[in-house]
$ cat final20.txt   # compact mmCIF, C-alpha atoms
# COMPACT_ATOMS: atom_id res chain seq x y z
CA MET A 857 3.36 158.07 124.71
CA PRO A 858 5.63 155.44 123.17
CA SER A 859 9.00 156.62 121.98
CA SER A 860 10.16 156.38 118.37
CA SER A 861 10.55 152.66 117.69
CA LEU A 862 12.40 150.48 115.25
CA ASN A 863 9.73 147.80 115.31
CA ILE A 864 6.05 147.59 116.20
CA SER A 865 4.48 144.19 116.85
CA THR A 866 0.74 143.59 117.10
CA LEU A 867 -0.13 140.46 119.08
CA THR A 868 -3.47 138.83 119.80
CA VAL A 869 -3.70 136.71 122.96
CA PRO A 870 -4.88 133.22 121.88
CA HIS A 871 -7.74 131.09 123.15
CA PRO A 872 -7.34 129.56 125.65
CA VAL A 873 -4.75 131.28 127.83
CA PRO A 874 -4.06 130.74 131.57
CA ARG A 875 -4.27 133.58 134.07
CA ILE A 876 -0.84 135.12 133.54
CA ARG A 877 0.74 138.53 134.02
CA LEU A 878 1.38 140.71 130.98
CA ASP A 879 5.16 140.90 131.54
CA ARG A 880 5.43 137.13 131.87
CA TRP A 881 3.31 136.47 128.77
CA LEU A 882 5.33 138.94 126.70
CA SER A 883 8.59 137.36 127.86
CA GLU A 884 7.33 134.12 126.28
CA GLN A 885 6.62 135.91 123.00
CA PHE A 886 10.00 137.72 122.91
CA PRO A 887 12.53 135.11 124.16
CA ASP A 888 15.48 137.19 122.86
CA HIS A 889 14.68 139.90 125.41
CA SER A 890 14.89 139.61 129.20
CA ARG A 891 11.85 139.97 131.43
CA THR A 892 13.42 143.05 133.03
CA GLU A 893 13.83 144.64 129.61
CA ILE A 894 10.19 143.92 128.79
CA GLN A 895 9.07 145.39 132.12
CA ASN A 896 10.94 148.56 131.19
CA TRP A 897 9.04 148.70 127.89
CA ILE A 898 5.78 148.47 129.83
CA LYS A 899 6.81 151.18 132.33
CA SER A 900 7.72 153.47 129.42
CA GLY A 901 4.28 153.05 127.85
CA GLU A 902 5.56 150.95 124.96
CA VAL A 903 2.84 148.28 125.44
CA GLN A 904 -0.76 149.28 124.79
CA SER A 905 -4.18 147.77 124.25
CA ALA A 906 -6.92 149.83 122.58
CA GLY A 907 -4.67 152.89 122.92
CA VAL A 908 -4.24 152.48 126.69
CA SER A 909 -0.82 151.85 128.24
CA LEU A 910 -0.77 148.73 130.41
CA ARG A 911 0.97 147.64 133.61
CA SER A 912 3.28 144.69 134.13
CA GLY A 913 0.79 143.02 136.47
CA THR A 914 -2.15 143.28 134.06
CA LEU A 915 -3.64 139.84 133.45
CA VAL A 916 -3.88 138.99 129.76
CA THR A 917 -7.21 137.70 128.49
CA PRO A 918 -8.14 135.72 125.36
CA GLY A 919 -8.66 137.98 122.36
CA MET A 920 -6.77 140.91 123.87
CA VAL A 921 -4.93 142.83 121.13
CA LEU A 922 -1.56 144.24 122.20
CA GLU A 923 0.59 146.77 120.39
CA VAL A 924 4.22 146.46 121.43
CA HIS A 925 6.69 149.19 120.48
CA ILE A 926 10.21 147.76 120.64
CA PRO A 927 12.58 150.69 121.26
CA ALA A 928 15.38 151.08 118.75
CA SER A 929 17.93 151.13 121.57
CA THR A 930 16.95 147.58 122.61
CA SER A 931 16.70 146.03 119.16
CA LEU A 932 19.52 143.84 117.93
CA SER A 933 21.87 145.44 115.41
CA SER A 934 22.38 143.88 112.00
CA PRO A 935 24.87 140.97 112.14
CA ILE A 936 28.36 141.44 110.73
CA ALA A 937 30.23 139.13 108.36
CA GLU A 938 32.98 137.00 109.93
CA ASP A 939 35.47 134.61 108.33
CA LEU A 940 34.61 131.42 110.23
CA PRO A 941 34.71 127.75 109.15
CA LEU A 942 31.61 126.14 107.62
CA GLU A 943 30.92 122.60 106.41
CA ILE A 944 28.84 123.06 103.27
CA LEU A 945 26.85 119.99 102.21
CA TYR A 946 25.17 121.42 99.11
CA GLU A 947 24.69 124.74 97.33
CA ASP A 948 23.04 126.05 94.18
CA ASP A 949 21.66 129.40 93.03
CA ASP A 950 18.71 129.18 95.43
CA LEU A 951 19.78 127.52 98.67
CA ILE A 952 22.68 126.40 100.81
CA ALA A 953 22.69 123.37 103.11
CA LEU A 954 25.37 123.10 105.78
CA ASN A 955 26.29 120.70 108.55
CA LYS A 956 26.06 122.74 111.76
CA GLN A 957 28.60 121.66 114.34
CA PRO A 958 27.64 121.12 118.01
CA GLY A 959 28.10 124.23 120.11
CA GLN A 960 27.59 126.60 117.18
CA VAL A 961 24.95 129.26 117.80
CA VAL A 962 22.80 129.75 114.69
CA HIS A 963 22.23 133.51 114.82
CA PRO A 964 23.22 136.48 117.01
CA ALA A 965 21.19 137.12 120.15
CA PRO A 966 21.66 139.15 123.33
CA GLY A 967 24.78 137.81 125.04
CA HIS A 968 26.08 136.22 121.84
CA PRO A 969 26.37 138.94 119.18
CA GLN A 970 29.12 137.36 117.06
CA GLY A 971 30.75 134.06 116.13
CA THR A 972 27.51 132.46 114.92
CA VAL A 973 26.68 130.44 111.83
CA LEU A 974 24.90 133.48 110.42
CA ASN A 975 28.00 135.66 110.79
CA ALA A 976 30.00 133.05 108.87
CA MET A 977 27.33 132.73 106.17
CA LEU A 978 27.31 136.50 105.58
CA PHE A 979 31.05 136.40 104.94
CA ARG A 980 30.89 133.50 102.48
CA TYR A 981 27.53 134.37 100.88
CA PRO A 982 27.02 138.15 101.23
CA GLU A 983 23.99 138.05 98.93
CA ILE A 984 21.87 136.49 101.69
CA SER A 985 21.82 139.89 103.42
CA GLU A 986 19.01 140.85 101.02
CA ALA A 987 16.80 137.90 101.96
CA GLY A 988 14.27 138.35 104.75
CA ASP A 989 14.76 139.79 108.22
CA PRO A 990 17.95 141.94 108.25
CA GLN A 991 18.78 140.53 111.69
CA ARG A 992 18.49 136.90 110.48
CA PRO A 993 18.91 137.12 106.70
CA GLY A 994 18.55 133.97 104.64
CA LEU A 995 17.77 131.81 107.65
CA VAL A 996 15.07 129.26 106.85
CA HIS A 997 14.86 127.41 110.18
CA ARG A 998 16.91 126.95 113.37
CA LEU A 999 18.68 124.31 115.45
CA ASP A 1000 19.57 124.51 119.14
CA SER A 1001 23.23 125.38 119.75
CA GLY A 1002 23.95 121.88 121.08
CA THR A 1003 22.27 120.12 118.15
CA SER A 1004 24.34 119.27 115.08
CA GLY A 1005 23.24 118.57 111.53
CA VAL A 1006 21.46 119.93 108.45
CA LEU A 1007 20.67 123.64 108.41
CA LEU A 1008 19.20 125.48 105.40
CA PHE A 1009 19.77 129.03 104.18
CA ALA A 1010 18.15 130.77 101.20
CA ARG A 1011 20.29 132.79 98.78
CA HIS A 1012 17.56 135.27 97.82
CA GLU A 1013 14.16 136.55 98.93
CA GLU A 1014 12.04 134.43 96.58
CA SER A 1015 13.75 131.23 97.67
CA LEU A 1016 13.41 132.16 101.36
CA THR A 1017 9.68 132.80 101.00
CA LYS A 1018 9.10 129.46 99.25
CA LEU A 1019 11.23 127.48 101.70
CA GLN A 1020 9.55 128.99 104.75
CA GLU A 1021 6.16 128.24 103.22
CA LEU A 1022 7.17 124.60 102.69
CA PHE A 1023 8.09 124.34 106.39
CA LYS A 1024 4.84 126.04 107.38
CA GLN A 1025 2.79 123.67 105.21
CA ARG A 1026 4.66 120.66 106.66
CA LYS A 1027 5.99 119.62 103.27
CA VAL A 1028 9.48 119.11 104.70
CA ASN A 1029 10.46 115.69 106.07
CA LYS A 1030 12.75 116.23 109.07
CA THR A 1031 14.68 113.25 110.43
CA TYR A 1032 16.89 113.35 113.54
CA HIS A 1033 19.12 110.80 115.24
CA ALA A 1034 19.32 110.81 119.02
CA ILE A 1035 21.22 108.73 121.55
CA CYS A 1036 18.63 108.17 124.26
CA HIS A 1037 18.63 106.72 127.75
CA GLY A 1038 17.37 103.14 127.83
CA ILE A 1039 15.68 101.17 125.07
CA PRO A 1040 12.33 102.60 123.94
CA GLU A 1041 9.52 100.06 123.80
CA PRO A 1042 7.77 99.54 121.53
CA PHE A 1043 10.68 100.02 119.14
CA GLU A 1044 8.44 102.06 116.85
CA GLN A 1045 5.95 104.54 118.32
CA THR A 1046 4.33 107.90 117.69
CA ILE A 1047 4.36 110.55 120.39
CA ASP A 1048 1.46 112.95 119.81
CA LEU A 1049 1.48 115.36 122.76
CA PRO A 1050 1.15 119.18 122.71
CA ILE A 1051 4.06 121.31 123.89
CA GLY A 1052 4.03 124.79 125.43
CA ARG A 1053 6.28 126.91 127.60
CA HIS A 1054 7.10 125.53 131.02
CA PRO A 1055 4.86 127.26 133.61
CA THR A 1056 7.76 128.29 135.87
CA HIS A 1057 11.02 127.91 133.90
CA ARG A 1058 11.06 130.47 131.07
CA GLN A 1059 13.71 128.75 128.94
CA LYS A 1060 12.08 125.29 129.10
CA ARG A 1061 9.15 123.64 127.34
CA ALA A 1062 6.67 121.17 128.78
CA ILE A 1063 3.91 118.79 127.75
CA HIS A 1064 0.62 120.71 128.08
CA GLY A 1065 2.58 123.83 129.10
CA THR A 1066 1.55 127.45 128.67
CA SER A 1067 -0.24 128.04 125.33
CA PRO A 1068 0.47 124.48 124.12
CA ARG A 1069 0.61 123.67 120.41
CA ASN A 1070 0.27 120.24 118.80
CA ALA A 1071 3.52 118.31 118.40
CA VAL A 1072 4.00 114.93 116.69
CA SER A 1073 7.19 112.82 116.75
CA HIS A 1074 7.63 109.38 115.16
CA LEU A 1075 10.24 107.31 117.00
CA ARG A 1076 12.07 104.25 115.64
CA LEU A 1077 14.87 102.43 117.44
CA LEU A 1078 17.84 101.87 115.10
CA HIS A 1079 19.86 99.75 117.53
CA GLY A 1080 20.53 99.34 121.22
CA VAL A 1081 23.88 100.29 122.70
CA ALA A 1082 25.73 100.05 125.99
CA ALA A 1083 24.27 96.71 127.11
CA GLY A 1084 20.74 98.06 127.11
CA THR A 1085 21.44 101.31 128.93
CA GLY A 1086 20.87 103.35 125.79
CA GLY A 1087 19.79 103.31 122.18
CA LEU A 1088 20.30 105.14 118.91
CA ALA A 1089 16.88 106.33 117.81
CA GLU A 1090 15.61 107.87 114.61
CA VAL A 1091 12.99 110.55 115.19
CA ARG A 1092 10.93 112.00 112.36
CA ILE A 1093 9.00 115.10 113.38
CA GLU A 1094 5.84 116.38 111.71
CA THR A 1095 5.94 119.65 113.65
CA GLY A 1096 8.88 121.81 114.70
CA ARG A 1097 8.23 122.97 118.24
CA THR A 1098 11.11 124.29 120.32
CA HIS A 1099 12.90 121.38 122.06
CA GLN A 1100 10.24 119.01 120.67
CA ILE A 1101 12.34 115.82 120.49
CA ARG A 1102 13.99 116.48 123.83
CA VAL A 1103 10.66 117.07 125.58
CA HIS A 1104 8.90 114.11 123.94
CA LEU A 1105 11.68 111.61 124.63
CA ALA A 1106 12.05 112.78 128.23
CA HIS A 1107 8.28 112.45 128.72
CA VAL A 1108 8.25 108.78 127.63
CA GLY A 1109 11.18 108.00 129.91
CA HIS A 1110 13.99 107.95 127.33
CA PRO A 1111 15.59 111.42 127.41
CA VAL A 1112 18.43 112.36 125.10
CA ILE A 1113 21.83 111.64 126.63
CA GLY A 1114 23.61 114.84 127.67
CA ASP A 1115 20.36 116.79 128.05
CA HIS A 1116 20.66 118.19 131.56
CA THR A 1117 17.64 120.45 131.02
CA TYR A 1118 15.14 117.61 130.59
CA ALA A 1119 16.98 114.42 131.55
CA GLY A 1120 18.06 115.22 135.11
CA LYS A 1121 20.12 112.35 136.53
CA LYS A 1122 19.60 110.42 133.28
CA ALA A 1123 21.63 113.01 131.33
CA GLN A 1124 24.60 110.61 131.48
CA PHE A 1125 24.80 106.85 131.20
CA SER A 1126 25.26 104.97 134.45
CA GLY A 1127 28.33 102.81 134.74
CA PRO A 1128 31.66 103.04 132.91
CA TRP A 1129 30.29 104.71 129.78
CA PRO A 1130 31.63 107.92 128.22
CA LYS A 1131 30.17 111.24 129.33
CA ALA A 1132 28.38 113.35 126.75
CA GLY A 1133 29.66 116.89 126.37
CA ARG A 1134 26.38 118.09 124.87
CA VAL A 1135 22.88 116.95 123.93
CA MET A 1136 23.40 113.92 121.66
CA LEU A 1137 20.95 115.04 118.98
CA HIS A 1138 21.71 115.30 115.26
CA ALA A 1139 19.56 116.69 112.42
CA LYS A 1140 20.34 113.81 110.05
CA CYS A 1141 18.27 114.52 106.95
CA LEU A 1142 15.90 117.00 105.27
CA GLU A 1143 13.68 116.13 102.29
CA LEU A 1144 11.54 118.69 100.48
CA PRO A 1145 10.49 119.98 97.06
CA HIS A 1146 13.21 122.22 95.61
CA PRO A 1147 12.02 125.87 95.86
CA ARG A 1148 12.70 126.56 92.17
CA THR A 1149 12.06 123.27 90.33
CA GLY A 1150 9.69 121.48 92.70
CA GLU A 1151 11.73 118.31 92.27
CA HIS A 1152 12.48 116.10 95.26
CA PHE A 1153 15.50 117.41 97.15
CA ARG A 1154 17.29 115.45 99.86
CA VAL A 1155 20.33 116.39 101.93
CA GLU A 1156 21.96 114.32 104.67
CA ALA A 1157 24.62 115.29 107.21
CA PRO A 1158 27.27 112.97 108.68
CA TYR A 1159 27.56 112.80 112.45
CA ALA A 1160 29.76 115.32 114.20
CA ASP A 1161 33.06 113.90 115.48
CA ASP A 1162 31.93 113.84 119.11
CA MET A 1163 28.81 111.83 118.33
CA THR A 1164 30.78 109.34 116.20
CA SER A 1165 33.34 108.98 118.97
CA PHE A 1166 30.60 108.51 121.56
CA LEU A 1167 28.93 105.76 119.53
CA ASN A 1168 32.24 104.02 118.84
CA GLN A 1169 32.93 103.69 122.56
CA LEU A 1170 29.66 101.99 123.37
$ encode --input "final20.txt" --output "structure tokens"
Amino acid sequence: MPSSSLNISTLTVPHPVPRIRLDRWLSEQFPDHSRTEIQNWIKSGEVQSAGVSLRSGTLVTPGMVLEVHIPASTSLSSPIAEDLPLEILYEDDDLIALNKQPGQVVHPAPGHPQGTVLNAMLFRYPEISEAGDPQRPGLVHRLDSGTSGVLLFARHEESLTKLQELFKQRKVNKTYHAICHGIPEPFEQTIDLPIGRHPTHRQKRAIHGTSPRNAVSHLRLLHGVAAGTGGLAEVRIETGRTHQIRVHLAHVGHPVIGDHTYAGKKAQFSGPWPKAGRVMLHAKCLELPHPRTGEHFRVEAPYADDMTSFLNQL
């Protein structure tokens, strides 16, 4: 029998799904927990289907309904408030927009429980603790730790619900700037390729990977740099898949500079060009209806110092 649990999740295996072990499939659904931890849940009877406890090696099938009891001892504790610097771009009674710096982790996770943007936001805006998930209060969307730029928080529950619905309905225009390897041709193009989890590397994504979902990125070259070895590209995304821009640009042969996960040897420029200390990707602008008034709202973030310095040296 499952032990007393802090959280119970009911999951339905989608159509189609490859032949994959239960523990591996669950590790894709719960990326904040290790595969070993998930295997321990299964051994303890915390994962069931139709009232029957399953084994780690059970193959999931389309339509299978799983009930996952996440033990309280393994769930993340509520984040604490910390007095850390923030660059606020805009704030009103409903939302806050900030310019996330490269290297900042957005919210606590196993192995990084403190020092995140969320910890800093709780100190400066304690009221967000009442909005949404107590482990990620007020958080509307996310950015990778290496990505800089616009990040939104809601100040109260009603605003959070409306903002998340706008993202879900694709009523938010999301524009990124990326320094990419080589000069994309044509200079304007749309990349419409589904993205799923990488079949062998749990932390990566891949075109037509495991359980792929549609992903659309519109690419426009702003200008070429470094004598043709790279370019500054604007990328507007219709969808918000994990690592979407990085995967799409790498697939068309123009990976983001500094992206060792997807760029391989192209992570750095060849020749006497500066080395990137992180993925050169910046969330430049968000445009959306304001959650209270419905009026057009636009917020833009200046480049982080390292990206400005990188561009100035090219």
$ atom_distance --input "final20.txt" --atom1 "CA of Ala1132 (chain A)" --atom2 "CA of Phe1166 (chain A)"
7.4 Å
$ residues_near_point --input "final20.txt" --point "(-10.8, 141.1, 123.3)" --cutoff "10 Å" --atoms "all atoms listed in the file" --output "PDB file with C-alpha atoms, keeping the file's coordinate frame"
ATOM      1  CA  THR A 868      -3.470 138.830 119.800  1.00  0.00           C
ATOM      2  CA  VAL A 869      -3.700 136.710 122.960  1.00  0.00           C
ATOM      3  CA  PRO A 870      -4.880 133.220 121.880  1.00  0.00           C
ATOM      4  CA  SER A 905      -4.180 147.770 124.250  1.00  0.00           C
ATOM      5  CA  ALA A 906      -6.920 149.830 122.580  1.00  0.00           C
ATOM      6  CA  VAL A 916      -3.880 138.990 129.760  1.00  0.00           C
ATOM      7  CA  THR A 917      -7.210 137.700 128.490  1.00  0.00           C
ATOM      8  CA  PRO A 918      -8.140 135.720 125.360  1.00  0.00           C
ATOM      9  CA  GLY A 919      -8.660 137.980 122.360  1.00  0.00           C
ATOM     10  CA  MET A 920      -6.770 140.910 123.870  1.00  0.00           C
ATOM     11  CA  VAL A 921      -4.930 142.830 121.130  1.00  0.00           C
ATOM     12  CA  LEU A 922      -1.560 144.240 122.200  1.00  0.00           C
TER      13      LEU A 922
END
$ atom_distance --input "final20.txt" --atom1 "CA of Leu1137 (chain A)" --atom2 "CA of Gln991 (chain A)"
26.6 Å
$ closest_atom_pairs --input "final20.txt" --of "region 934-1011 of chain A" --to "region 1106-1119 of chain A" --cutoff "12 Å" --atoms "only C-alpha atoms" --output "tab-separated table"
residue	atom	partner	partner_atom	distance
A:Asp1000	CA	A:Asp1115	CA	11.8
A:Gly1002	CA	A:Asp1115	CA	9.3
A:Thr1003	CA	A:Asp1115	CA	10.6
$ axis_aligned_box --input "final20.txt" --around "region 1075-1089 of chain A" --padding-each-side "4 Å" --output "AutoDock Vina command-line options"
--center_x 18.0 --center_y 102.0 --center_z 122.0 --size_x 23.5 --size_y 18.6 --size_z 21.8
$ residues_around --input "final20.txt" --residues "Leu999 (chain A)" --least-positions-apart "4" --cutoff "10 Å" --atoms "all atoms listed in the file" --output "ChimeraX atom specification"
/A:956,958,960-963,1003-1007,1098-1099,1138-1139
$ atom_distance --input "final20.txt" --atom1 "CA of Val1072 (chain A)" --atom2 "CA of Glu1044 (chain A)"
13.6 Å
$ closest_residue --input "final20.txt" --among "A:Ile1063, A:Ala953, A:Ile1035, A:Ala965" --to "His997 (chain A)" --atoms "only C-alpha atoms"
A:Ala953
$ residues_around --input "final20.txt" --residues "Leu1078 (chain A)" --least-positions-apart "6" --cutoff "7 Å" --atoms "only C-alpha atoms" --output "list in words"
Leu1088, Ala1089 and Glu1090 of chain A
$ closest_residue --input "final20.txt" --among "A:Asp1162, A:Glu1156, A:Ser883, A:Thr1149" --to "Lys1131 (chain A)" --atoms "all atoms listed in the file"
A:Asp1162
$ closest_residue --input "final20.txt" --among "A:Ser1015, A:Gln1169, A:Gln1059, A:Gln1025" --to "Asp950 (chain A)" --atoms "only C-alpha atoms"
A:Ser1015
$ closest_residue --input "final20.txt" --among "A:Asn1029, A:Gln970, A:Ser1165, A:Gln895" --to "Ser912 (chain A)" --atoms "all atoms listed in the file"
A:Gln895
$ residues_around --input "final20.txt" --residues "Ile864 (chain A)" --least-positions-apart "5" --cutoff "10 Å" --atoms "all atoms listed in the file" --output "VMD selection string"
chain A and resid 902 to 903 923 to 927
$ closest_residue --input "final20.txt" --among "A:Met1136, A:Val1091, A:Leu954, A:Ile936" --to "Ala1010 (chain A)" --atoms "all atoms listed in the file"
A:Leu954
$ build_atoms --input "final20.txt" --residues "region 1082-1114 of chain A" --atoms "N, CA and C atoms" --output "compact mmCIF listing (two decimals), keeping the file's coordinate frame"
# COMPACT_ATOMS: atom_id res chain seq x y z
N ALA A 1082 25.34 100.04 124.58
CA ALA A 1082 25.73 100.05 125.99
C ALA A 1082 24.95 99.04 126.83
N ALA A 1083 24.88 97.80 126.35
CA ALA A 1083 24.27 96.71 127.11
C ALA A 1083 22.87 97.06 127.60
N GLY A 1084 22.12 97.75 126.76
CA GLY A 1084 20.74 98.06 127.11
C GLY A 1084 20.54 99.36 127.84
N THR A 1085 21.62 100.06 128.19
CA THR A 1085 21.44 101.31 128.93
C THR A 1085 21.08 102.46 128.01
N GLY A 1086 21.20 102.27 126.72
CA GLY A 1086 20.87 103.35 125.79
C GLY A 1086 20.57 102.82 124.42
N GLY A 1087 20.10 103.71 123.54
CA GLY A 1087 19.79 103.31 122.18
C GLY A 1087 19.98 104.47 121.22
N LEU A 1088 20.25 104.13 119.96
CA LEU A 1088 20.30 105.14 118.91
C LEU A 1088 18.94 105.13 118.23
N ALA A 1089 18.24 106.24 118.33
CA ALA A 1089 16.88 106.33 117.81
C ALA A 1089 16.80 107.31 116.64
N GLU A 1090 15.95 106.96 115.69
CA GLU A 1090 15.61 107.87 114.61
C GLU A 1090 14.28 108.52 114.98
N VAL A 1091 14.21 109.83 114.86
CA VAL A 1091 12.99 110.55 115.19
C VAL A 1091 12.60 111.43 114.02
N ARG A 1092 11.45 111.17 113.44
CA ARG A 1092 10.93 112.00 112.36
C ARG A 1092 9.83 112.88 112.94
N ILE A 1093 9.96 114.19 112.77
CA ILE A 1093 9.00 115.10 113.38
C ILE A 1093 8.10 115.73 112.32
N GLU A 1094 6.79 115.74 112.60
CA GLU A 1094 5.84 116.38 111.71
C GLU A 1094 5.77 117.89 111.98
N THR A 1095 5.98 118.24 113.23
CA THR A 1095 5.94 119.65 113.65
C THR A 1095 7.35 120.06 114.07
N GLY A 1096 7.55 121.33 114.34
CA GLY A 1096 8.88 121.81 114.70
C GLY A 1096 8.86 122.69 115.93
N ARG A 1097 8.29 122.19 117.00
CA ARG A 1097 8.23 122.97 118.24
C ARG A 1097 9.61 123.05 118.90
N THR A 1098 9.84 124.12 119.61
CA THR A 1098 11.11 124.29 120.32
C THR A 1098 11.33 123.12 121.28
N HIS A 1099 12.51 122.50 121.19
CA HIS A 1099 12.90 121.38 122.06
C HIS A 1099 11.98 120.17 121.93
N GLN A 1100 11.27 120.04 120.80
CA GLN A 1100 10.24 119.01 120.67
C GLN A 1100 10.76 117.60 120.96
N ILE A 1101 11.83 117.19 120.30
CA ILE A 1101 12.34 115.82 120.49
C ILE A 1101 12.80 115.62 121.92
N ARG A 1102 13.48 116.60 122.46
CA ARG A 1102 13.99 116.48 123.83
C ARG A 1102 12.85 116.34 124.84
N VAL A 1103 11.80 117.13 124.66
CA VAL A 1103 10.66 117.07 125.58
C VAL A 1103 9.90 115.75 125.42
N HIS A 1104 9.64 115.34 124.18
CA HIS A 1104 8.90 114.11 123.94
C HIS A 1104 9.64 112.89 124.46
N LEU A 1105 10.94 112.78 124.17
CA LEU A 1105 11.68 111.61 124.63
C LEU A 1105 11.80 111.57 126.15
N ALA A 1106 11.98 112.74 126.76
CA ALA A 1106 12.05 112.78 128.23
C ALA A 1106 10.70 112.35 128.83
N HIS A 1107 9.61 112.76 128.19
CA HIS A 1107 8.28 112.45 128.72
C HIS A 1107 8.00 110.95 128.72
N VAL A 1108 8.49 110.24 127.69
CA VAL A 1108 8.25 108.78 127.63
C VAL A 1108 9.33 107.99 128.34
N GLY A 1109 10.20 108.68 129.07
CA GLY A 1109 11.18 108.00 129.91
C GLY A 1109 12.49 107.66 129.24
N HIS A 1110 12.75 108.23 128.05
CA HIS A 1110 13.99 107.95 127.33
C HIS A 1110 14.64 109.25 126.86
N PRO A 1111 15.03 110.11 127.79
CA PRO A 1111 15.59 111.42 127.41
C PRO A 1111 16.89 111.29 126.63
N VAL A 1112 17.20 112.34 125.88
CA VAL A 1112 18.43 112.36 125.10
C VAL A 1112 19.62 112.45 126.04
N ILE A 1113 20.63 111.62 125.80
CA ILE A 1113 21.83 111.64 126.63
C ILE A 1113 22.49 113.02 126.51
N GLY A 1114 22.95 113.54 127.64
CA GLY A 1114 23.61 114.84 127.67
C GLY A 1114 22.66 116.00 127.86
